[in-house]
Amino acid sequence: MPLRPNGLARAAVRLRPAAFAGTFVALLMTVAIVSACGILLESGARASLPPTRYAQAPVVVAADQQIHWQAGSGEGAYEEAVRVPERARVDAALLERLAPLGRAVPDVVFPVRGEGDSGPVEASGWGAAAFTGTALAGGRAPGAPGEVVLGAGAGAGAGAGAGAAGERITLDTPVGKREFRVVGRAGGTGVWFSDAEARALSGHPGALDAVVLFDADPERVRAAVDGRAQVLTGAARAVDPQLAGAKDLLTGLGGSFGGIAALVAVFTAAGTVALSVGQRSREFALLRAVGATPRQIRRIVATEALLVAPAAGVLGCVPGIGLAVWWFGQLQAKGAIPAGVELAVSWIPLVCAAGVGLVTALLAGWAAARRPARIRPGQALAAAAVERLRPGWIRTPLGIAALAGGAACAGLAATSGGDDAANAALGVVMLFMLAVALLGPLIARACAGVLGLPLRAAGASGSLAAANSRAHARRLASAITPIVLAMAFSSVLVFLHTSEEEATRQQQAAGLLADHVITDPPADARGGVAITRTSVLAMFGTGPERRFQSASAQGVAGDVTTVQDLGVREGSLGTLRPGTVAVDRALAESARLGVGDRVELRLPDGVPADPEIVAVYTRGLGLGQVTLPASDLTGHTTAGRATELLVRGPVPAGLGPAVSPSEWTTAQSTEREVSAWANAVMAAVLGGFAAVAAANTLVMTVLDRRRELRMLRLVGSTRRQVLRMLRWEALLIGGAGVTLGTAIALATLYPLTKAVTGAPPHVPPVLYASFAAAALALGLTATLLPAHWSLRRRTGGV
C-alpha cells in the first residue's frame, strides 16, 4: 500500500489536535502582532489631513519642515532627513520676488496674551482673512500701527471687557507689552493686526510663516522660488507640524518596533513549530523504518503547516486589527496623533502577516524535519528513543557568534549617546536572545546542573526533577527560552525608562537652584533669569555615520549659574555669550568634541549654526542638553518669547503665579507620561506575547509527557509525588528563565544607561519582584494545570 503523505498529515491534525494546538496559537499570535504593526506602519505612510488654514489658498510657498544631509560615503552615500523641532519659515524677501506673479499675501502666526491669567490666542495679519475666510462682524480692518481686530471669542484672552470699538487694550506680544485700539470685531478666536505690524510683533520680522498667492501659475512660482522653499498645492497645503509628528510616530512604531516585534514573534513561533515536530520524532522514525523516503517526511511536515497556518493567519488578523485600533485610539486620545488622522486598514498588512505566519511554519517545520528525514531507516527508532546530547555543528558556532555580537553591540552602545544608545537596546537584546536560543541545550544543561544541586536536597521528587531536566536538556531549553524572552524584553523596555526618569529627577532636583519658577512669563519680565525651553538638532556621531538628532535646549537671558547648577565638568558658563554654547557631556562624547571646538547645530526653525563650545556639563538630561544665550534663539522659535522665569528670593509683583522647584519637577515628569505609556505598551506587547508563548510551550511539553507520567504512576509513585516533581521542574524552569533574562537585561541596560544618563540602571525592587513573580507563576500554572488534567485520567497503560 503506497504511503500518502497528505493523508497522513490530515489524519495527524484530525486525530491529534492537541499536538497542533500550540502551533496554531503561536502562529495566530504572530500574525496578530505583525498585522497590528503593519496597520500602524501603513497608517503612518498614508496619514493626511485636509488643509485647514490654507484651505482657500490656491498656492502656498512655505519652508521645508525637514533638513536633509548626505550620510555615508562613496557609492554607499544616501540622503537622510529629520523634521525641525519648530516651525521653519521663509525669507521675507521672497514676498517681493513673488509679487509680480500674482496677488501675494504674507502670513505670520504667533501667540499673544491679554491681561490676567488667560491663555494665549493666535494672532496674525489681517491679510490672512483672504484665505482663511475670516469676515468682519463690525467695525473695520486694521490699517495703521496700534490697531487691532478681535475675534468673537478673543475677549477673555485680550482682557476683561475687551471688544468695544475704540476701546484700548494691552496685549503681551513676543516683543513685549503693547497698547492697541480695537477697530473691529471678527468671527473666530484670533487677533488680527495690519500685515506690517503683525510681522513686527511676531519677533521674526525678517521671516514669514508662508506666502499665499492668488491667480498665480504654480510652475512659474516654482521657477521663481528656485528651490529655496516648497510650493504647495492640493492636499500638500495641509501644513501641520502635528501631522508630521504623527507620521513619524506611526511609522516608527510600525517599522522600528514592528520589525523587532515581528522578529520576536517569528522567532518564538518557529521554536514552537520546531518543538511540535520534534515531539513526534518517534512517529517519523517509525515511518522511516517502514520505508518512508526523506521527501515524504518533509512533505508531511509541509502539508501539516499548510493545514494549520492559513487558519491561524485568517483568525490572527482579527485580534491584530483590534490591537491596532486600540493602540491608535490611545495615541490619539493622548494627543500624539491629530484628530483628523484616520487608521488605515487594508488587505496589504493582513496578507503580509498571514504570509509571514505561513512562511514561518514552513521553514521551521523544514528545519525541524531535516534530522528525522535524513536518518537511516535502520537507526531511526533507536535515535528517536534518546535525546541527542552532542551540540549541533551549525547552531553552536552561530550561537557563539550571536553572543559575541551582542557583547560588541553593547560596547558600541556604551560609546554612543542619546537616541543612538536607546535605539540599540532592542537590537542588543535580540542578539543575546538569539544566542540563548541557539545555545539553548548547552545553557539548559548548565542550568540544570547548577540549579539542580539544591533540588537534590529536596528529597526524591527534587532529585528526579533535577535528573529529568539534565537528561532532557533540549526539552528544558524550549521551555526556558520564552520565559527568558519575556523577562529580558520587559525588563529592558521598562527599566530603561525608569533609569532615565530617575536620572532626570535627580538632575532636576540637584540642578535647579531657583526658589520659584514662573511658567509663561510676560515677554518683558524682569527680576529673574528668563529661560526659553525648546529643542535643536545637533550633529551626533563622527565620520560617514554622522546624523542630526533632536536635543533639548534652553536659551538663557542672564547669569544662569545663579538659578541652575548644570554640573560643569569642563570650561565655564561665565564665558557664555552670543555665538557660544554649553553642551551636555553625552552630546560632547558622541560628537567627540570638547571646549574650544565648534558644534554643528540647527536652531529650532532649522537655521544652521556652529557655535563654539565654552563648557561641558553633566545635568543635561534634566535641564537641557544644549544651553545657548537667549539672543541666539531670537526669531527662531514659534512662541518668540521666554517660556520660564527662574527667580531667587521673593517673586516680583505682576509676573503671574509661581511654582516651587518640586512642583516644576513634577510637572516636567507629567509631560513625559506619553513616552512612559508607549514604553509600557511595547513591554506589554512583547512581554505578553512571550508569556503566552512560554505558557504554550510548557503546556505542549507537559502534554507530550503523558506516557512518562503514567509510567511513574505504574511503578508506584503517588499522584502527589509526581506533581511535586513537576512543581520542582517548573520552579527550575522559571528560576533559570528569570536568571538568564535578568542577566541579559543587565548586560543590555548597564552600558546603555551609562551612555544615556551617566549612571547605572535604576531597577525599582517592587517592579522587578513583580516581573520575577509573574514568570515563576506562569511556569507553575502552565505546568501544573495540564499535569492535573493528565493525571486525572485512569492509569491503564503506557
# chains A, B, ... in the order shown; residues from 1 in each chain; ligands from 1
>>> residues_around(residues="segment 24-41 of chain A", least_positions_apart="3", cutoff="7 Å", atoms="only C-alpha atoms", output="VMD selection string")
chain A and resid 20 to 21 44 to 45 250 to 251 253 to 255 258 262 265 to 266 269 272 308 to 309 312 to 313 315 to 317 319 to 321 323 to 324 344 to 345 349 to 350 353 to 354 357 693
>>> select_by_dssp(residues="segment 558-604 of chain A", states="alpha helix (DSSP H)", output="list in words")
Arg585, Ala586, Leu587, Ala588, Glu589, Ser590 and Ala591 of chain A
>>> write_last_selection(atoms="N, CA and C atoms", output="PDB file, in the first residue's frame")
ATOM      1  N   ARG A 585      27.536  66.385  28.482  1.00  0.00           N
ATOM      2  CA  ARG A 585      28.685  65.513  28.226  1.00  0.00           C
ATOM      3  C   ARG A 585      28.336  64.401  27.240  1.00  0.00           C
ATOM      4  N   ALA A 586      27.074  63.905  27.227  1.00  0.00           N
ATOM      5  CA  ALA A 586      26.711  62.837  26.295  1.00  0.00           C
ATOM      6  C   ALA A 586      26.806  63.316  24.856  1.00  0.00           C
ATOM      7  N   LEU A 587      26.351  64.539  24.593  1.00  0.00           N
ATOM      8  CA  LEU A 587      26.453  65.092  23.246  1.00  0.00           C
ATOM      9  C   LEU A 587      27.914  65.303  22.877  1.00  0.00           C
ATOM     10  N   ALA A 588      28.691  65.844  23.810  1.00  0.00           N
ATOM     11  CA  ALA A 588      30.104  66.095  23.533  1.00  0.00           C
ATOM     12  C   ALA A 588      30.853  64.794  23.252  1.00  0.00           C
ATOM     13  N   GLU A 589      30.580  63.759  24.032  1.00  0.00           N
ATOM     14  CA  GLU A 589      31.272  62.489  23.833  1.00  0.00           C
ATOM     15  C   GLU A 589      30.851  61.835  22.524  1.00  0.00           C
ATOM     16  N   SER A 590      29.566  61.935  22.190  1.00  0.00           N
ATOM     17  CA  SER A 590      29.095  61.328  20.947  1.00  0.00           C
ATOM     18  C   SER A 590      29.735  61.988  19.739  1.00  0.00           C
ATOM     19  N   ALA A 591      29.829  63.317  19.756  1.00  0.00           N
ATOM     20  CA  ALA A 591      30.422  64.042  18.636  1.00  0.00           C
ATOM     21  C   ALA A 591      31.945  64.177  18.765  1.00  0.00           C
TER      22      ALA A 591
END
>>> residues_around(residues="Leu712 of chain A", least_positions_apart="3", cutoff="12 Å", atoms="only C-alpha atoms", output="count of residues only")
22
>>> closest_residue(among="A:Gly72, A:Gly737, A:Gly574, A:Gly203", to="Ile483 of chain A", atoms="only C-alpha atoms")
A:Gly737
>>> closest_residue(among="A:Ala210, A:Ala787, A:Glu644, A:Thr665", to="Met700 of chain A", atoms="only C-alpha atoms")
A:Ala787
>>> closest_residue(among="A:Ser770, A:Thr132, A:Gln65, A:Asn696", to="Thr52 of chain A", atoms="only C-alpha atoms")
A:Thr132
>>> closest_residue(among="A:Val183, A:Leu746, A:Leu493, A:Ile297", to="Arg168 of chain A", atoms="only C-alpha atoms")
A:Val183
>>> closest_residue(among="A:Glu147, A:Glu115, A:Glu304, A:Glu600", to="Asp195 of chain A", atoms="only C-alpha atoms")
A:Glu147
>>> closest_residue(among="A:Phe257, A:Trp192, A:Tyr54, A:Tyr617", to="Ala141 of chain A", atoms="only C-alpha atoms")
A:Trp192
>>> residues_around(residues="Lys177 of chain A", least_positions_apart="5", cutoff="8 Å", atoms="only C-alpha atoms", output="JSON, numbers by chain")
{"A": [170, 171, 172, 522, 523, 524]}
>>> write_last_selection(atoms="N, CA, C and O atoms", output="PDB file, in the first residue's frame")
ATOM      1  N   THR A 170      -4.402  96.164  26.301  1.00  0.00           N
ATOM      2  CA  THR A 170      -2.974  95.859  26.373  1.00  0.00           C
ATOM      3  C   THR A 170      -2.775  94.380  26.054  1.00  0.00           C
ATOM      4  O   THR A 170      -3.421  93.516  26.656  1.00  0.00           O
ATOM      5  N   LEU A 171      -1.894  94.089  25.122  1.00  0.00           N
ATOM      6  CA  LEU A 171      -1.588  92.710  24.728  1.00  0.00           C
ATOM      7  C   LEU A 171      -0.101  92.445  24.943  1.00  0.00           C
ATOM      8  O   LEU A 171       0.739  93.307  24.651  1.00  0.00           O
ATOM      9  N   ASP A 172       0.186  91.274  25.445  1.00  0.00           N
ATOM     10  CA  ASP A 172       1.561  90.833  25.657  1.00  0.00           C
ATOM     11  C   ASP A 172       2.001  90.074  24.415  1.00  0.00           C
ATOM     12  O   ASP A 172       1.537  88.957  24.157  1.00  0.00           O
ATOM     13  N   PRO A 522       5.531  87.195  31.238  1.00  0.00           N
ATOM     14  CA  PRO A 522       5.427  88.255  30.229  1.00  0.00           C
ATOM     15  C   PRO A 522       6.723  88.378  29.433  1.00  0.00           C
ATOM     16  O   PRO A 522       7.814  88.064  29.925  1.00  0.00           O
ATOM     17  N   ALA A 523       6.601  88.828  28.179  1.00  0.00           N
ATOM     18  CA  ALA A 523       7.775  88.893  27.304  1.00  0.00           C
ATOM     19  C   ALA A 523       8.838  89.831  27.850  1.00  0.00           C
ATOM     20  O   ALA A 523      10.030  89.628  27.615  1.00  0.00           O
ATOM     21  N   ASP A 524       8.428  90.893  28.568  1.00  0.00           N
ATOM     22  CA  ASP A 524       9.403  91.847  29.084  1.00  0.00           C
ATOM     23  C   ASP A 524       9.596  91.698  30.593  1.00  0.00           C
ATOM     24  O   ASP A 524       9.883  92.664  31.291  1.00  0.00           O
TER      25      ASP A 524
END
>>> residues_around(residues="Val59 of chain A", least_positions_apart="2", cutoff="9 Å", atoms="only C-alpha atoms", output="list of chain:residue names")
A:Tyr54, A:Ala57, A:Val61, A:Val211, A:Val212, A:Leu213, A:Phe214, A:Asp215, A:Ala216, A:Asp217, A:Pro218, A:Val221, A:Val231, A:Leu232, A:Thr233, A:Gly234, A:Arg237
>>> residues_around(residues="Ser499 of chain A", least_positions_apart="4", cutoff="9 Å", atoms="only C-alpha atoms", output="list in words")
Val494, Phe495, Ala503, Thr504, Thr753, Thr757, Ala759, Pro760, Pro761, His762 and Val763 of chain A
>>> write_last_selection(atoms="all heavy atoms", output="mmCIF file, in the first residue's frame")
data_model
loop_
_atom_site.group_PDB
_atom_site.id
_atom_site.type_symbol
_atom_site.label_atom_id
_atom_site.label_comp_id
_atom_site.auth_asym_id
_atom_site.auth_seq_id
_atom_site.Cartn_x
_atom_site.Cartn_y
_atom_site.Cartn_z
ATOM 1 N N VAL A 494 11.115 48.578 30.229
ATOM 2 C CA VAL A 494 10.601 49.276 31.406
ATOM 3 C C VAL A 494 11.727 49.917 32.210
ATOM 4 O O VAL A 494 11.645 51.097 32.585
ATOM 5 C CB VAL A 494 9.786 48.311 32.287
ATOM 6 C CG1 VAL A 494 9.397 48.983 33.596
ATOM 7 C CG2 VAL A 494 8.529 47.865 31.544
ATOM 8 N N PHE A 495 12.798 49.185 32.447
ATOM 9 C CA PHE A 495 13.845 49.709 33.319
ATOM 10 C C PHE A 495 14.736 50.732 32.616
ATOM 11 O O PHE A 495 15.394 51.544 33.284
ATOM 12 C CB PHE A 495 14.674 48.574 33.906
ATOM 13 C CG PHE A 495 13.874 47.652 34.781
ATOM 14 C CD1 PHE A 495 14.085 46.278 34.765
ATOM 15 C CD2 PHE A 495 12.884 48.151 35.612
ATOM 16 C CE1 PHE A 495 13.343 45.430 35.567
ATOM 17 C CE2 PHE A 495 12.137 47.315 36.416
ATOM 18 C CZ PHE A 495 12.358 45.946 36.397
ATOM 19 N N ALA A 503 17.222 59.415 36.686
ATOM 20 C CA ALA A 503 18.344 60.323 36.439
ATOM 21 C C ALA A 503 17.848 61.739 36.174
ATOM 22 O O ALA A 503 18.436 62.713 36.665
ATOM 23 C CB ALA A 503 19.173 59.821 35.257
ATOM 24 N N THR A 504 16.760 61.865 35.423
ATOM 25 C CA THR A 504 16.199 63.191 35.138
ATOM 26 C C THR A 504 15.730 63.855 36.427
ATOM 27 O O THR A 504 16.000 65.042 36.670
ATOM 28 C CB THR A 504 15.024 63.066 34.152
ATOM 29 O OG1 THR A 504 15.488 62.479 32.939
ATOM 30 C CG2 THR A 504 14.413 64.424 33.853
ATOM 31 N N THR A 753 22.445 52.728 29.913
ATOM 32 C CA THR A 753 22.133 53.777 30.885
ATOM 33 C C THR A 753 23.385 54.591 31.233
ATOM 34 O O THR A 753 23.275 55.795 31.495
ATOM 35 C CB THR A 753 21.532 53.175 32.163
ATOM 36 O OG1 THR A 753 22.428 52.198 32.709
ATOM 37 C CG2 THR A 753 20.194 52.512 31.869
ATOM 38 N N THR A 757 22.453 58.263 30.709
ATOM 39 C CA THR A 757 22.261 59.000 31.953
ATOM 40 C C THR A 757 23.545 59.228 32.738
ATOM 41 O O THR A 757 23.565 60.050 33.652
ATOM 42 C CB THR A 757 21.272 58.261 32.869
ATOM 43 O OG1 THR A 757 21.882 57.049 33.354
ATOM 44 C CG2 THR A 757 19.997 57.903 32.120
ATOM 45 N N ALA A 759 24.734 57.055 34.722
ATOM 46 C CA ALA A 759 24.551 56.338 35.994
ATOM 47 C C ALA A 759 24.151 54.897 35.697
ATOM 48 O O ALA A 759 23.708 54.573 34.601
ATOM 49 C CB ALA A 759 23.478 57.022 36.842
ATOM 50 N N PRO A 760 24.306 53.987 36.683
ATOM 51 C CA PRO A 760 23.863 52.601 36.489
ATOM 52 C C PRO A 760 22.344 52.534 36.336
ATOM 53 O O PRO A 760 21.629 53.506 36.608
ATOM 54 C CB PRO A 760 24.325 51.896 37.778
ATOM 55 C CG PRO A 760 25.326 52.809 38.391
ATOM 56 C CD PRO A 760 24.952 54.190 37.980
ATOM 57 N N PRO A 761 21.814 51.387 35.919
ATOM 58 C CA PRO A 761 20.360 51.254 35.764
ATOM 59 C C PRO A 761 19.635 51.417 37.091
ATOM 60 O O PRO A 761 20.140 51.018 38.149
ATOM 61 C CB PRO A 761 20.182 49.834 35.218
ATOM 62 C CG PRO A 761 21.514 49.375 34.800
ATOM 63 C CD PRO A 761 22.529 50.173 35.513
ATOM 64 N N HIS A 762 18.468 52.024 37.037
ATOM 65 C CA HIS A 762 17.613 52.148 38.221
ATOM 66 C C HIS A 762 16.505 51.112 38.094
ATOM 67 O O HIS A 762 15.627 51.226 37.230
ATOM 68 C CB HIS A 762 17.024 53.550 38.322
ATOM 69 C CG HIS A 762 16.022 53.697 39.425
ATOM 70 N ND1 HIS A 762 16.362 53.603 40.763
ATOM 71 C CD2 HIS A 762 14.677 53.902 39.394
ATOM 72 C CE1 HIS A 762 15.283 53.755 41.502
ATOM 73 N NE2 HIS A 762 14.249 53.938 40.706
ATOM 74 N N VAL A 763 16.554 50.082 38.929
ATOM 75 C CA VAL A 763 15.578 48.984 38.883
ATOM 76 C C VAL A 763 14.765 49.026 40.175
ATOM 77 O O VAL A 763 15.259 48.621 41.234
ATOM 78 C CB VAL A 763 16.289 47.620 38.737
ATOM 79 C CG1 VAL A 763 15.270 46.492 38.695
ATOM 80 C CG2 VAL A 763 17.165 47.606 37.488
#
>>> atom_distance(atom1="atom CA of Gly127 of chain A", atom2="atom CA of Leu95 of chain A")
13.3 Å
